[in-house]
Amino acid sequence: MPLFSSKSKTPHEALRYLRDTIPSLKNSKDKEHKKISDEVTKTLHVLKTQLYGSQEQEGNDLGAQISSEILSSLSLFVLIDNLAYIDFEGRKDVVAIVNNVVRREIGVRNPGVENVYSKPELIFLLIKGYENQEIALNCGMMLREFARNPLLATTIIGDERFYKFFEYVEVSTFDIASDAFSTFKLLGELLLDRYNFTVMNRYISQPENLKLMMNLLREKSKNIQFEAFHVFKIFVANPNKPKPIMDILLRNRERLVEFLTKFHTERSEDEQFNDEKSYLIKQIKELRPAEENYQIKEENMS
Amino acid sequence: MSLLACTCGSKENDKKRRLKDSQPEKVPSKDLNKNAPETGETIHEEVDDMELLDSSLFRPDPLQYELCAVIGKGHCNSSTISLAKNLATDSLVALKRINLEVWSGELLYFQNEIMITRLLSHPNVLPFHCSFINGQELWAVMPLMAFGSCRDLMHAYFTSGLPELAIKLILRDVLSAVDYLHHRWIIHRGIKASHVLISRSGRVCLSGLHNVLHTIKNGQRLHNVHDFPLHAKDCLHSYSPELLAQMLLEKMKGTKPHLADSTTVQEFVIDDEYPGTEGMEDQGTSSQERANDIFFKRTFSPHLHELAAACLETDPQLRPSAAQLLSHPAIKSIKNHSSSLLPSQLQPVTPLTDKSNIPKDLAMEEEEDFSRKMSEVSMLEDWVF
């Protein structure tokens, strides 16, 4: 009986079994395929349960041991590359297994992340996964786990295949588009990180970007207005506004104050938003034309 | 508005129709049981041919759907559920529409429901055929559950509760669904009569997965849940005593509601079963007293009383799990009963099967109303760049 045999496998045997069997799913057919597929799914389920451990044995050694064996003998590549051939329930266990391995830390080391970092094709298999409806959401879940790590996120952003996201967020199927968007947004949050300050600074120094955000503040959609607000605020909060940015803000000072005072007043319960809004209004009211010495500097330069 | 308001208006007419309608269709089950729960007790011999339609036939394209009538509201009235015709398959579907501009909460609320449902496949969990954005609205296409929800049924006709066999058949399917979720470490957190839907052939589906919580977060399993559903107040009457006590405590303290460290997921998981009994005793909105009255006036088989009592156990450690309840004698007693028996138990209520007796579409009026509101949004002068 398959269930019995998978239960009797030691974790080591289970991993070897998966390593040897999963690649054959691709070429097997009909009855044979079903048999193998069922056994693979059951083995994955048992493996996931051992990896996560039960409540009583939290932080167990077994999980750590299995995790390192997954990296050394099974390989994440086998799991991810064959995801589309693993059945519906099995795929979710693959996600759970991969995410657990990638999150697991041993002291200051993070072997899962190191493993993925050394094999970046894993990342690009997952990005490509958004193109296959069947596995798109599973891939998205793993990709987001990867993207939470700055090292791996940099790998994703640094590759030209990252631009695929601009297509994925616009596919007509809502669940895929919004999953891709969640990943996209997670990667975008990196820009707020300190070490990406130069990139952000370049963005908020360009008047075209400010104009776009100010127009989006008045977009018909309340949701777009709200998102635009969160970008606009960075332009205003910037302590070293370049002259072109300062000029636009100054030219629209009264209008901005009036506009922001009436902006999304129904969000009375959102404290953070209201604090930020009052801060912006105050900042804009207190805007003064660029300091003289700044102007002198400019003149000297020109 | 209840889905059934239009289908059980005249009991006399229904009597004539019901003989025809209640005939179970003999359709082979194909691979519907492929993902049957581990307990493997539920066998669906007959299934709606309509429900068997492959989800891939439903395209994420608004032009493929012809809205017919509003059949319900959801998510604190912010979503509208319409009966609609899918032009590609010429079949009726239920279409949930949410105007994302009117909805003031987080989009995550709907995203969560759609994404998690997408990763579930069980005959007793209501799937989405597809979902897409149409203008300002999010549309989600679902199979039509022609008998509506248990709440609708109890409001429309069974004001003193459903027949015992119906209760057992419904409970069995709901428990299978809950067992499926719990095996995947997912907590429903919103099981109530209005989320239990019944198809034309008597298949019961659990819906309302917007409060769902997946206990795997960041590659780790949460053993303690510190999170109340976003709209807990809609489901208050079906929460367990320990959960309500916790909420009350937090309210008194003035802190945001969350679960105490001591409340383990396991306990919380069992909370899900607690409301499983509501089909037999509760009217959804009626007062608890009235529900109690009816419950105590009616006599069921001893097994069913036992099951209800077990679910009402105040100590969460002693309360049975979904898997345990599935092997309870009350449920075992209908082991060989097909769910196609359910429609006959629901007579004289008949399912919604054609468009002819459907009231006028109210959706258009709403849309006009909304577009008027939008035009009132004042626009200031242009920016000066």
# chains A, B, ... in the order shown; residues from 1 in each chain; ligands from 1

$ closest_atom_pairs --of "chain A" --to "chain B" --cutoff "8 Å" --atoms "only C-alpha atoms" --output "Markdown table"
| residue | atom | partner | partner_atom | distance |
| --- | --- | --- | --- | --- |
| A:Tyr52 | CA | B:Arg221 | CA | 6.6 |
| A:Gln55 | CA | B:His223 | CA | 6.7 |
| A:Lys92 | CA | B:Leu119 | CA | 7.7 |
| A:Ala96 | CA | B:Gly219 | CA | 6.3 |
| A:Ile97 | CA | B:Gly219 | CA | 7.7 |
| A:Val98 | CA | B:Gly219 | CA | 7.9 |
| A:Asn99 | CA | B:Gly219 | CA | 4.5 |
| A:Asn100 | CA | B:Gly219 | CA | 4.0 |
| A:Val101 | CA | B:Gly219 | CA | 7.5 |
| A:Val102 | CA | B:Gly219 | CA | 7.6 |
| A:Arg103 | CA | B:Gly219 | CA | 6.0 |
| A:Leu137 | CA | B:Met115 | CA | 7.7 |
| A:Glu145 | CA | B:Asn218 | CA | 6.8 |
| A:Ser172 | CA | B:Phe132 | CA | 6.0 |
| A:Thr173 | CA | B:Phe132 | CA | 5.1 |
| A:Phe174 | CA | B:Phe132 | CA | 4.4 |
| A:Asp175 | CA | B:Met115 | CA | 5.9 |
| A:Ser178 | CA | B:Gln111 | CA | 7.5 |
| A:Asp179 | CA | B:Met115 | CA | 8.0 |
| A:Lys211 | CA | B:Phe385 | CA | 7.3 |
| A:Met214 | CA | B:Trp383 | CA | 7.8 |
| A:Asn215 | CA | B:Trp383 | CA | 7.9 |
| A:Arg218 | CA | B:Met379 | CA | 7.7 |
| A:Lys220 | CA | B:Met374 | CA | 8.0 |
| A:Ser221 | CA | B:Glu101 | CA | 6.4 |
| A:Lys222 | CA | B:Glu101 | CA | 6.1 |
| A:Asn223 | CA | B:Glu101 | CA | 6.5 |
| A:Ile248 | CA | B:Phe385 | CA | 5.8 |
| A:Arg251 | CA | B:Val384 | CA | 6.6 |
| A:Asn252 | CA | B:Val384 | CA | 6.3 |
| A:Arg255 | CA | B:Trp383 | CA | 7.7 |
| A:Phe259 | CA | B:Leu380 | CA | 7.6 |

$ select_by_dssp --residues "segment 46-220 of chain B" --states "helix (DSSP H, G or I)" --output "PDB file with N, CA, C and O atoms, in the first residue's frame"
ATOM      1  N   ASP B  49     -24.403  18.771 -13.723  1.00  0.00           N
ATOM      2  CA  ASP B  49     -23.586  18.871 -14.923  1.00  0.00           C
ATOM      3  C   ASP B  49     -23.029  20.286 -15.046  1.00  0.00           C
ATOM      4  O   ASP B  49     -21.928  20.512 -15.513  1.00  0.00           O
ATOM      5  N   MET B  50     -23.811  21.231 -14.545  1.00  0.00           N
ATOM      6  CA  MET B  50     -23.397  22.625 -14.636  1.00  0.00           C
ATOM      7  C   MET B  50     -22.129  22.878 -13.819  1.00  0.00           C
ATOM      8  O   MET B  50     -21.240  23.597 -14.216  1.00  0.00           O
ATOM      9  N   GLU B  51     -22.068  22.228 -12.654  1.00  0.00           N
ATOM     10  CA  GLU B  51     -20.927  22.454 -11.784  1.00  0.00           C
ATOM     11  C   GLU B  51     -19.679  21.768 -12.296  1.00  0.00           C
ATOM     12  O   GLU B  51     -18.572  22.103 -11.927  1.00  0.00           O
ATOM     13  N   LEU B  52     -19.902  20.755 -13.124  1.00  0.00           N
ATOM     14  CA  LEU B  52     -18.760  19.996 -13.599  1.00  0.00           C
ATOM     15  C   LEU B  52     -17.988  20.731 -14.676  1.00  0.00           C
ATOM     16  O   LEU B  52     -16.893  20.346 -15.037  1.00  0.00           O
ATOM     17  N   SER B  55     -13.374  24.935 -15.131  1.00  0.00           N
ATOM     18  CA  SER B  55     -13.199  26.372 -14.875  1.00  0.00           C
ATOM     19  C   SER B  55     -12.498  27.079 -16.034  1.00  0.00           C
ATOM     20  O   SER B  55     -12.691  28.259 -16.254  1.00  0.00           O
ATOM     21  N   SER B  56     -11.701  26.330 -16.778  1.00  0.00           N
ATOM     22  CA  SER B  56     -10.957  26.984 -17.865  1.00  0.00           C
ATOM     23  C   SER B  56     -11.887  27.460 -18.978  1.00  0.00           C
ATOM     24  O   SER B  56     -11.488  28.241 -19.836  1.00  0.00           O
ATOM     25  N   LEU B  57     -13.145  26.993 -18.970  1.00  0.00           N
ATOM     26  CA  LEU B  57     -14.100  27.462 -19.979  1.00  0.00           C
ATOM     27  C   LEU B  57     -14.567  28.881 -19.685  1.00  0.00           C
ATOM     28  O   LEU B  57     -15.119  29.560 -20.541  1.00  0.00           O
ATOM     29  N   PRO B  62     -15.362  40.448 -19.195  1.00  0.00           N
ATOM     30  CA  PRO B  62     -16.712  40.881 -18.788  1.00  0.00           C
ATOM     31  C   PRO B  62     -17.769  40.680 -19.887  1.00  0.00           C
ATOM     32  O   PRO B  62     -18.948  40.467 -19.576  1.00  0.00           O
ATOM     33  N   LEU B  63     -17.349  40.696 -21.141  1.00  0.00           N
ATOM     34  CA  LEU B  63     -18.323  40.548 -22.229  1.00  0.00           C
ATOM     35  C   LEU B  63     -18.900  39.134 -22.297  1.00  0.00           C
ATOM     36  O   LEU B  63     -19.879  38.884 -22.976  1.00  0.00           O
ATOM     37  N   GLN B  64     -18.271  38.209 -21.568  1.00  0.00           N
ATOM     38  CA  GLN B  64     -18.738  36.820 -21.569  1.00  0.00           C
ATOM     39  C   GLN B  64     -19.902  36.612 -20.600  1.00  0.00           C
ATOM     40  O   GLN B  64     -20.442  35.522 -20.526  1.00  0.00           O
ATOM     41  N   LEU B 108      -6.664  43.653   0.345  1.00  0.00           N
ATOM     42  CA  LEU B 108      -6.177  42.373   0.823  1.00  0.00           C
ATOM     43  C   LEU B 108      -7.308  41.434   1.246  1.00  0.00           C
ATOM     44  O   LEU B 108      -7.216  40.221   1.106  1.00  0.00           O
ATOM     45  N   TYR B 109      -8.370  42.044   1.734  1.00  0.00           N
ATOM     46  CA  TYR B 109      -9.530  41.304   2.208  1.00  0.00           C
ATOM     47  C   TYR B 109     -10.100  40.407   1.102  1.00  0.00           C
ATOM     48  O   TYR B 109     -10.392  39.233   1.319  1.00  0.00           O
ATOM     49  N   PHE B 110     -10.230  40.952  -0.089  1.00  0.00           N
ATOM     50  CA  PHE B 110     -10.765  40.176  -1.204  1.00  0.00           C
ATOM     51  C   PHE B 110      -9.682  39.319  -1.842  1.00  0.00           C
ATOM     52  O   PHE B 110      -9.937  38.219  -2.299  1.00  0.00           O
ATOM     53  N   GLN B 111      -8.476  39.876  -1.853  1.00  0.00           N
ATOM     54  CA  GLN B 111      -7.353  39.151  -2.432  1.00  0.00           C
ATOM     55  C   GLN B 111      -7.159  37.825  -1.716  1.00  0.00           C
ATOM     56  O   GLN B 111      -7.008  36.787  -2.335  1.00  0.00           O
ATOM     57  N   ASN B 112      -7.173  37.906  -0.394  1.00  0.00           N
ATOM     58  CA  ASN B 112      -6.981  36.732   0.442  1.00  0.00           C
ATOM     59  C   ASN B 112      -7.971  35.639   0.073  1.00  0.00           C
ATOM     60  O   ASN B 112      -7.610  34.488  -0.147  1.00  0.00           O
ATOM     61  N   GLU B 113      -9.236  36.020  -0.041  1.00  0.00           N
ATOM     62  CA  GLU B 113     -10.277  35.054  -0.354  1.00  0.00           C
ATOM     63  C   GLU B 113     -10.027  34.404  -1.717  1.00  0.00           C
ATOM     64  O   GLU B 113     -10.067  33.189  -1.864  1.00  0.00           O
ATOM     65  N   ILE B 114      -9.749  35.223  -2.705  1.00  0.00           N
ATOM     66  CA  ILE B 114      -9.593  34.707  -4.061  1.00  0.00           C
ATOM     67  C   ILE B 114      -8.334  33.850  -4.196  1.00  0.00           C
ATOM     68  O   ILE B 114      -8.357  32.774  -4.767  1.00  0.00           O
ATOM     69  N   MET B 115      -7.246  34.325  -3.612  1.00  0.00           N
ATOM     70  CA  MET B 115      -5.988  33.583  -3.750  1.00  0.00           C
ATOM     71  C   MET B 115      -6.052  32.250  -3.008  1.00  0.00           C
ATOM     72  O   MET B 115      -5.632  31.230  -3.549  1.00  0.00           O
ATOM     73  N   ILE B 116      -6.553  32.272  -1.779  1.00  0.00           N
ATOM     74  CA  ILE B 116      -6.574  31.009  -1.032  1.00  0.00           C
ATOM     75  C   ILE B 116      -7.553  30.032  -1.680  1.00  0.00           C
ATOM     76  O   ILE B 116      -7.260  28.857  -1.821  1.00  0.00           O
ATOM     77  N   THR B 117      -8.698  30.543  -2.133  1.00  0.00           N
ATOM     78  CA  THR B 117      -9.669  29.654  -2.772  1.00  0.00           C
ATOM     79  C   THR B 117      -9.054  29.009  -4.006  1.00  0.00           C
ATOM     80  O   THR B 117      -9.314  27.852  -4.314  1.00  0.00           O
ATOM     81  N   ARG B 118      -8.223  29.768  -4.695  1.00  0.00           N
ATOM     82  CA  ARG B 118      -7.557  29.272  -5.892  1.00  0.00           C
ATOM     83  C   ARG B 118      -6.659  28.075  -5.583  1.00  0.00           C
ATOM     84  O   ARG B 118      -6.397  27.241  -6.431  1.00  0.00           O
ATOM     85  N   CYS B 150     -27.982  28.080   3.612  1.00  0.00           N
ATOM     86  CA  CYS B 150     -28.815  27.531   4.684  1.00  0.00           C
ATOM     87  C   CYS B 150     -29.576  28.650   5.381  1.00  0.00           C
ATOM     88  O   CYS B 150     -30.710  28.474   5.816  1.00  0.00           O
ATOM     89  N   ARG B 151     -28.943  29.802   5.468  1.00  0.00           N
ATOM     90  CA  ARG B 151     -29.606  30.930   6.101  1.00  0.00           C
ATOM     91  C   ARG B 151     -30.837  31.331   5.286  1.00  0.00           C
ATOM     92  O   ARG B 151     -31.915  31.536   5.840  1.00  0.00           O
ATOM     93  N   ASP B 152     -30.664  31.418   3.968  1.00  0.00           N
ATOM     94  CA  ASP B 152     -31.799  31.726   3.095  1.00  0.00           C
ATOM     95  C   ASP B 152     -32.922  30.711   3.298  1.00  0.00           C
ATOM     96  O   ASP B 152     -34.086  31.066   3.422  1.00  0.00           O
ATOM     97  N   LEU B 153     -32.536  29.434   3.327  1.00  0.00           N
ATOM     98  CA  LEU B 153     -33.543  28.370   3.461  1.00  0.00           C
ATOM     99  C   LEU B 153     -34.320  28.512   4.766  1.00  0.00           C
ATOM    100  O   LEU B 153     -35.534  28.358   4.793  1.00  0.00           O
ATOM    101  N   MET B 154     -33.587  28.849   5.821  1.00  0.00           N
ATOM    102  CA  MET B 154     -34.255  28.943   7.120  1.00  0.00           C
ATOM    103  C   MET B 154     -35.096  30.209   7.226  1.00  0.00           C
ATOM    104  O   MET B 154     -36.092  30.237   7.921  1.00  0.00           O
ATOM    105  N   HIS B 155     -34.670  31.227   6.490  1.00  0.00           N
ATOM    106  CA  HIS B 155     -35.468  32.449   6.477  1.00  0.00           C
ATOM    107  C   HIS B 155     -36.712  32.288   5.627  1.00  0.00           C
ATOM    108  O   HIS B 155     -37.795  32.746   5.975  1.00  0.00           O
ATOM    109  N   ALA B 156     -36.538  31.633   4.488  1.00  0.00           N
ATOM    110  CA  ALA B 156     -37.615  31.562   3.527  1.00  0.00           C
ATOM    111  C   ALA B 156     -38.664  30.521   3.883  1.00  0.00           C
ATOM    112  O   ALA B 156     -39.844  30.718   3.656  1.00  0.00           O
ATOM    113  N   GLU B 164     -34.141  16.533   9.956  1.00  0.00           N
ATOM    114  CA  GLU B 164     -32.922  15.918  10.481  1.00  0.00           C
ATOM    115  C   GLU B 164     -32.000  15.373   9.394  1.00  0.00           C
ATOM    116  O   GLU B 164     -30.786  15.571   9.444  1.00  0.00           O
ATOM    117  N   LEU B 165     -32.577  14.713   8.418  1.00  0.00           N
ATOM    118  CA  LEU B 165     -31.717  14.140   7.379  1.00  0.00           C
ATOM    119  C   LEU B 165     -30.973  15.245   6.641  1.00  0.00           C
ATOM    120  O   LEU B 165     -29.786  15.111   6.332  1.00  0.00           O
ATOM    121  N   ALA B 166     -31.690  16.340   6.385  1.00  0.00           N
ATOM    122  CA  ALA B 166     -31.050  17.474   5.713  1.00  0.00           C
ATOM    123  C   ALA B 166     -29.888  17.996   6.554  1.00  0.00           C
ATOM    124  O   ALA B 166     -28.801  18.261   6.047  1.00  0.00           O
ATOM    125  N   ILE B 167     -30.113  18.119   7.849  1.00  0.00           N
ATOM    126  CA  ILE B 167     -29.055  18.609   8.751  1.00  0.00           C
ATOM    127  C   ILE B 167     -27.823  17.725   8.649  1.00  0.00           C
ATOM    128  O   ILE B 167     -26.701  18.192   8.510  1.00  0.00           O
ATOM    129  N   LYS B 168     -28.070  16.409   8.692  1.00  0.00           N
ATOM    130  CA  LYS B 168     -26.938  15.483   8.663  1.00  0.00           C
ATOM    131  C   LYS B 168     -26.201  15.554   7.335  1.00  0.00           C
ATOM    132  O   LYS B 168     -24.966  15.544   7.289  1.00  0.00           O
ATOM    133  N   LEU B 169     -26.971  15.613   6.248  1.00  0.00           N
ATOM    134  CA  LEU B 169     -26.332  15.673   4.929  1.00  0.00           C
ATOM    135  C   LEU B 169     -25.498  16.951   4.802  1.00  0.00           C
ATOM    136  O   LEU B 169     -24.378  16.941   4.292  1.00  0.00           O
ATOM    137  N   ILE B 170     -26.056  18.047   5.298  1.00  0.00           N
ATOM    138  CA  ILE B 170     -25.342  19.321   5.210  1.00  0.00           C
ATOM    139  C   ILE B 170     -24.096  19.287   6.091  1.00  0.00           C
ATOM    140  O   ILE B 170     -23.002  19.635   5.672  1.00  0.00           O
ATOM    141  N   LEU B 171     -24.287  18.818   7.323  1.00  0.00           N
ATOM    142  CA  LEU B 171     -23.157  18.751   8.258  1.00  0.00           C
ATOM    143  C   LEU B 171     -22.020  17.908   7.707  1.00  0.00           C
ATOM    144  O   LEU B 171     -20.852  18.269   7.812  1.00  0.00           O
ATOM    145  N   ARG B 172     -22.382  16.765   7.101  1.00  0.00           N
ATOM    146  CA  ARG B 172     -21.352  15.868   6.578  1.00  0.00           C
ATOM    147  C   ARG B 172     -20.487  16.591   5.551  1.00  0.00           C
ATOM    148  O   ARG B 172     -19.256  16.529   5.600  1.00  0.00           O
ATOM    149  N   ASP B 173     -21.139  17.302   4.633  1.00  0.00           N
ATOM    150  CA  ASP B 173     -20.374  17.997   3.591  1.00  0.00           C
ATOM    151  C   ASP B 173     -19.560  19.146   4.167  1.00  0.00           C
ATOM    152  O   ASP B 173     -18.415  19.359   3.782  1.00  0.00           O
ATOM    153  N   VAL B 174     -20.163  19.872   5.100  1.00  0.00           N
ATOM    154  CA  VAL B 174     -19.428  20.994   5.705  1.00  0.00           C
ATOM    155  C   VAL B 174     -18.213  20.468   6.475  1.00  0.00           C
ATOM    156  O   VAL B 174     -17.115  21.008   6.372  1.00  0.00           O
ATOM    157  N   LEU B 175     -18.422  19.377   7.210  1.00  0.00           N
ATOM    158  CA  LEU B 175     -17.311  18.805   7.979  1.00  0.00           C
ATOM    159  C   LEU B 175     -16.196  18.307   7.059  1.00  0.00           C
ATOM    160  O   LEU B 175     -15.015  18.458   7.360  1.00  0.00           O
ATOM    161  N   SER B 176     -16.589  17.725   5.918  1.00  0.00           N
ATOM    162  CA  SER B 176     -15.565  17.286   4.961  1.00  0.00           C
ATOM    163  C   SER B 176     -14.742  18.469   4.504  1.00  0.00           C
ATOM    164  O   SER B 176     -13.514  18.385   4.399  1.00  0.00           O
ATOM    165  N   ALA B 177     -15.424  19.584   4.236  1.00  0.00           N
ATOM    166  CA  ALA B 177     -14.730  20.783   3.781  1.00  0.00           C
ATOM    167  C   ALA B 177     -13.797  21.307   4.873  1.00  0.00           C
ATOM    168  O   ALA B 177     -12.637  21.627   4.622  1.00  0.00           O
ATOM    169  N   VAL B 178     -14.302  21.359   6.106  1.00  0.00           N
ATOM    170  CA  VAL B 178     -13.497  21.880   7.215  1.00  0.00           C
ATOM    171  C   VAL B 178     -12.297  20.969   7.468  1.00  0.00           C
ATOM    172  O   VAL B 178     -11.172  21.431   7.685  1.00  0.00           O
ATOM    173  N   ASP B 179     -12.534  19.665   7.356  1.00  0.00           N
ATOM    174  CA  ASP B 179     -11.451  18.710   7.551  1.00  0.00           C
ATOM    175  C   ASP B 179     -10.371  18.916   6.485  1.00  0.00           C
ATOM    176  O   ASP B 179      -9.167  18.899   6.783  1.00  0.00           O
ATOM    177  N   TYR B 180     -10.812  19.138   5.274  1.00  0.00           N
ATOM    178  CA  TYR B 180      -9.875  19.406   4.174  1.00  0.00           C
ATOM    179  C   TYR B 180      -9.029  20.648   4.488  1.00  0.00           C
ATOM    180  O   TYR B 180      -7.812  20.634   4.362  1.00  0.00           O
ATOM    181  N   LEU B 181      -9.688  21.710   4.926  1.00  0.00           N
ATOM    182  CA  LEU B 181      -8.969  22.951   5.254  1.00  0.00           C
ATOM    183  C   LEU B 181      -7.977  22.725   6.397  1.00  0.00           C
ATOM    184  O   LEU B 181      -6.820  23.113   6.316  1.00  0.00           O
ATOM    185  N   HIS B 182      -8.451  22.067   7.459  1.00  0.00           N
ATOM    186  CA  HIS B 182      -7.606  21.885   8.641  1.00  0.00           C
ATOM    187  C   HIS B 182      -6.391  21.001   8.344  1.00  0.00           C
ATOM    188  O   HIS B 182      -5.319  21.231   8.894  1.00  0.00           O
ATOM    189  N   HIS B 183      -6.572  20.018   7.447  1.00  0.00           N
ATOM    190  CA  HIS B 183      -5.439  19.189   7.065  1.00  0.00           C
ATOM    191  C   HIS B 183      -4.372  20.014   6.367  1.00  0.00           C
ATOM    192  O   HIS B 183      -3.217  19.618   6.310  1.00  0.00           O
ATOM    193  N   ALA B 193     -24.343  29.934   8.781  1.00  0.00           N
ATOM    194  CA  ALA B 193     -25.354  29.409   7.868  1.00  0.00           C
ATOM    195  C   ALA B 193     -25.330  30.097   6.502  1.00  0.00           C
ATOM    196  O   ALA B 193     -25.550  29.461   5.475  1.00  0.00           O
ATOM    197  N   SER B 194     -25.026  31.383   6.465  1.00  0.00           N
ATOM    198  CA  SER B 194     -25.056  32.072   5.174  1.00  0.00           C
ATOM    199  C   SER B 194     -23.857  31.720   4.307  1.00  0.00           C
ATOM    200  O   SER B 194     -23.828  32.058   3.126  1.00  0.00           O
ATOM    201  N   HIS B 195     -22.880  31.045   4.866  1.00  0.00           N
ATOM    202  CA  HIS B 195     -21.722  30.617   4.074  1.00  0.00           C
ATOM    203  C   HIS B 195     -21.821  29.156   3.659  1.00  0.00           C
ATOM    204  O   HIS B 195     -20.883  28.602   3.099  1.00  0.00           O
ATOM    205  N   LEU B 209     -14.691  32.554   2.266  1.00  0.00           N
ATOM    206  CA  LEU B 209     -13.328  32.326   2.750  1.00  0.00           C
ATOM    207  C   LEU B 209     -12.512  33.604   2.957  1.00  0.00           C
ATOM    208  O   LEU B 209     -11.299  33.550   3.042  1.00  0.00           O
ATOM    209  N   HIS B 210     -13.206  34.751   3.055  1.00  0.00           N
ATOM    210  CA  HIS B 210     -12.443  35.994   3.205  1.00  0.00           C
ATOM    211  C   HIS B 210     -11.789  36.130   4.577  1.00  0.00           C
ATOM    212  O   HIS B 210     -10.893  36.931   4.754  1.00  0.00           O
ATOM    213  N   ASN B 211     -12.263  35.362   5.544  1.00  0.00           N
ATOM    214  CA  ASN B 211     -11.650  35.435   6.874  1.00  0.00           C
ATOM    215  C   ASN B 211     -10.605  34.351   7.099  1.00  0.00           C
ATOM    216  O   ASN B 211     -10.087  34.184   8.196  1.00  0.00           O
TER     217      ASN B 211
END

$ closest_residue --among "A:Asn27, A:Asn132, A:Gln272, A:Ser72" --to "Val171 of chain A" --atoms "only C-alpha atoms"
A:Asn132

$ decode --residues "segment 115-127 of chain A" --atoms "N, CA, C and O atoms" --output "PDB file, in the first residue's frame"
ATOM      1  N   ASN A 115      22.148  28.808  -1.027  1.00  0.00           N
ATOM      2  CA  ASN A 115      21.915  27.841  -2.092  1.00  0.00           C
ATOM      3  C   ASN A 115      21.230  28.493  -3.296  1.00  0.00           C
ATOM      4  O   ASN A 115      21.646  28.308  -4.439  1.00  0.00           O
ATOM      5  N   VAL A 116      20.188  29.257  -3.032  1.00  0.00           N
ATOM      6  CA  VAL A 116      19.465  29.906  -4.132  1.00  0.00           C
ATOM      7  C   VAL A 116      20.362  30.951  -4.796  1.00  0.00           C
ATOM      8  O   VAL A 116      20.374  31.090  -6.014  1.00  0.00           O
ATOM      9  N   TYR A 117      21.139  31.652  -3.982  1.00  0.00           N
ATOM     10  CA  TYR A 117      21.996  32.708  -4.512  1.00  0.00           C
ATOM     11  C   TYR A 117      23.035  32.130  -5.478  1.00  0.00           C
ATOM     12  O   TYR A 117      23.377  32.754  -6.487  1.00  0.00           O
ATOM     13  N   SER A 118      23.484  30.906  -5.148  1.00  0.00           N
ATOM     14  CA  SER A 118      24.481  30.288  -6.017  1.00  0.00           C
ATOM     15  C   SER A 118      23.845  29.681  -7.264  1.00  0.00           C
ATOM     16  O   SER A 118      24.525  29.333  -8.217  1.00  0.00           O
ATOM     17  N   LYS A 119      22.526  29.517  -7.240  1.00  0.00           N
ATOM     18  CA  LYS A 119      21.842  28.973  -8.423  1.00  0.00           C
ATOM     19  C   LYS A 119      20.696  29.907  -8.825  1.00  0.00           C
ATOM     20  O   LYS A 119      19.520  29.580  -8.653  1.00  0.00           O
ATOM     21  N   PRO A 120      21.029  31.073  -9.349  1.00  0.00           N
ATOM     22  CA  PRO A 120      19.967  32.062  -9.629  1.00  0.00           C
ATOM     23  C   PRO A 120      18.925  31.577 -10.644  1.00  0.00           C
ATOM     24  O   PRO A 120      17.839  32.143 -10.713  1.00  0.00           O
ATOM     25  N   GLU A 121      19.224  30.509 -11.380  1.00  0.00           N
ATOM     26  CA  GLU A 121      18.218  30.011 -12.332  1.00  0.00           C
ATOM     27  C   GLU A 121      16.933  29.601 -11.609  1.00  0.00           C
ATOM     28  O   GLU A 121      15.858  29.616 -12.194  1.00  0.00           O
ATOM     29  N   LEU A 122      17.055  29.241 -10.330  1.00  0.00           N
ATOM     30  CA  LEU A 122      15.872  28.897  -9.541  1.00  0.00           C
ATOM     31  C   LEU A 122      14.899  30.076  -9.513  1.00  0.00           C
ATOM     32  O   LEU A 122      13.692  29.918  -9.665  1.00  0.00           O
ATOM     33  N   ILE A 123      15.458  31.260  -9.300  1.00  0.00           N
ATOM     34  CA  ILE A 123      14.644  32.465  -9.224  1.00  0.00           C
ATOM     35  C   ILE A 123      13.919  32.697 -10.553  1.00  0.00           C
ATOM     36  O   ILE A 123      12.724  33.007 -10.580  1.00  0.00           O
ATOM     37  N   PHE A 124      14.660  32.480 -11.633  1.00  0.00           N
ATOM     38  CA  PHE A 124      14.071  32.802 -12.926  1.00  0.00           C
ATOM     39  C   PHE A 124      13.074  31.743 -13.393  1.00  0.00           C
ATOM     40  O   PHE A 124      12.149  32.043 -14.140  1.00  0.00           O
ATOM     41  N   LEU A 125      13.240  30.522 -12.867  1.00  0.00           N
ATOM     42  CA  LEU A 125      12.209  29.507 -13.103  1.00  0.00           C
ATOM     43  C   LEU A 125      10.904  29.964 -12.455  1.00  0.00           C
ATOM     44  O   LEU A 125       9.818  29.803 -13.012  1.00  0.00           O
ATOM     45  N   LEU A 126      11.011  30.544 -11.266  1.00  0.00           N
ATOM     46  CA  LEU A 126       9.817  30.990 -10.547  1.00  0.00           C
ATOM     47  C   LEU A 126       9.170  32.178 -11.243  1.00  0.00           C
ATOM     48  O   LEU A 126       7.940  32.251 -11.356  1.00  0.00           O
ATOM     49  N   ILE A 127       9.982  33.120 -11.709  1.00  0.00           N
ATOM     50  CA  ILE A 127       9.414  34.274 -12.413  1.00  0.00           C
ATOM     51  C   ILE A 127       8.670  33.790 -13.653  1.00  0.00           C
ATOM     52  O   ILE A 127       7.538  34.189 -13.915  1.00  0.00           O
TER      53      ILE A 127
END
